[in-house]
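Worksheet for the structure shown next.
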Amino acid sequence: MTPPPKYGCELTNGDWRGVPLRVGHFQGAGQVTDLTAGADTVLVWSGGSTEVTVHARREHGLPASSHRFVRHSGMIDLMPQGTVLEQVDWRGQRQGCVSAVIPGARARELSRAEGPGLDPEAGPRFGLVDAHVVDLVRRLEAQAVAGQPLGILYVEALSLTLLTYLRARYAGNAERAHDSGALSPRQRERLIEFVEENLASDIGLSDLAELAGYSADHFSRLFKRCFGQPPYQYVLARRVERAKAMLKDRSRPIANIAAACGFATQAHLNSAFKLRTGVTPGVYRKG
């Protein structure tokens, strides 16, 4: 379920490699009718306190249910695919929401594997409190608004984490991923080579997982076990190391070095560099 056009707009576009997002803004009182969730959807709410009444059902004529609750900032709603909101009424303070829409095709693209979605038998769930979901969606929202400054690998990793968590906690017949196995020396070597050859480009989690021949969620665990850190942190560390080597050429502008090392902006290089070395690139260059 996503808000109708008058209440929201798309936050992500064709360049976005994560879970599609939509943002909506709602006045203090109103009503919407006949909304259908075309895909599993998570709504994360912000704003003031609002009294909400929802009349919902599943498609194919299954029985309807009514939900009455007070919504506060930080609450989430979960709508399995096929949820029909026959009528939603609200009265209170202004609120906003970010919708994370999870089509099956995008879920398979992110995880490189089939997996259960939100449990349709449980029906829609409203007014839940789940700080982990809120945090992940807010981080994705920040990346979408800022134009993915931390790169597609970070966006994909956040999206996969959200997807994996939802499957583990809210999916029907949730399948627990197995932690067995390890990356072989050859797989490790190929991953290192690939990262070094592509540091100037956006490196996606799905790219690395496909290279190793695993689903993305299982690959992330194997990678951390092998390298001692998540893929995103490893790639970021390698970019900083390359920047350190390139800074020895004092004639090369720092902005140029940032681009050559795969940082979206010089400011991103500065923050990542200082976090790992304690100084900015400019100070490091001066010795």
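Letters A, B, ... go to the chains of the structure tokens in the order shown; residues in each chain start at 1; ligands are counted from 1 in the same order.
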Please identify which residues in stretch 60-209 of chain A DSSP calls alpha helix (DSSP H) from the backbone, and express them as a VMD selection string.
chain A and resid 104 to 111 131 to 146 152 to 170 185 to 197 205 to 209
What does the distance from atom CA of A:Lys244 to atom CA of A:Asp202 come to in Å, to one decimal?
19.5 Å
Quick one, how far is atom CA of A:Val44 from atom CA of A:Arg108?
22.7 Å
Skip stretch 26-34 of chain A itself and residues of its chain fewer than 2 positions away, then list as a count of residues only all residues within 8 Å of it, counting only C-alpha atoms.
17
Tell me, as a PyMOL selection string, which residues lie within 9 Å of A:Val145, counting only C-alpha atoms; anything in the same chain fewer than 3 positions away does not count.
chain A and resi 11-12+140-142+148
Selection above as a file: C-alpha atoms, as an mmCIF file, in the first residue's frame:
data_model
loop_
_atom_site.group_PDB
_atom_site.id
_atom_site.type_symbol
_atom_site.label_atom_id
_atom_site.label_comp_id
_atom_site.auth_asym_id
_atom_site.auth_seq_id
_atom_site.Cartn_x
_atom_site.Cartn_y
_atom_site.Cartn_z
ATOM 1 C CA LEU A 11 11.374 9.294 -3.463
ATOM 2 C CA THR A 12 13.529 6.993 -5.592
ATOM 3 C CA LEU A 140 17.587 4.574 3.267
ATOM 4 C CA GLU A 141 15.479 7.733 3.129
ATOM 5 C CA ALA A 142 18.533 9.870 3.931
ATOM 6 C CA GLN A 148 23.175 8.043 -2.571
#
What is the atom CA of A:Leu247-atom CA of A:Ile152 distance in Å, reported with one decimal?
25.1 Å
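Nearest to A:Val155 of all the residues A:Gly38, A:Gly18, A:Gly127, A:Gly115 is A:Gly18, counting only C-alpha atoms.
With only C-alpha atoms as the basis for measurement, A:Glu59 is the residue among A:Glu59, A:Glu196, A:Asp217, A:Asp249 that approaches A:Gly123 most closely.
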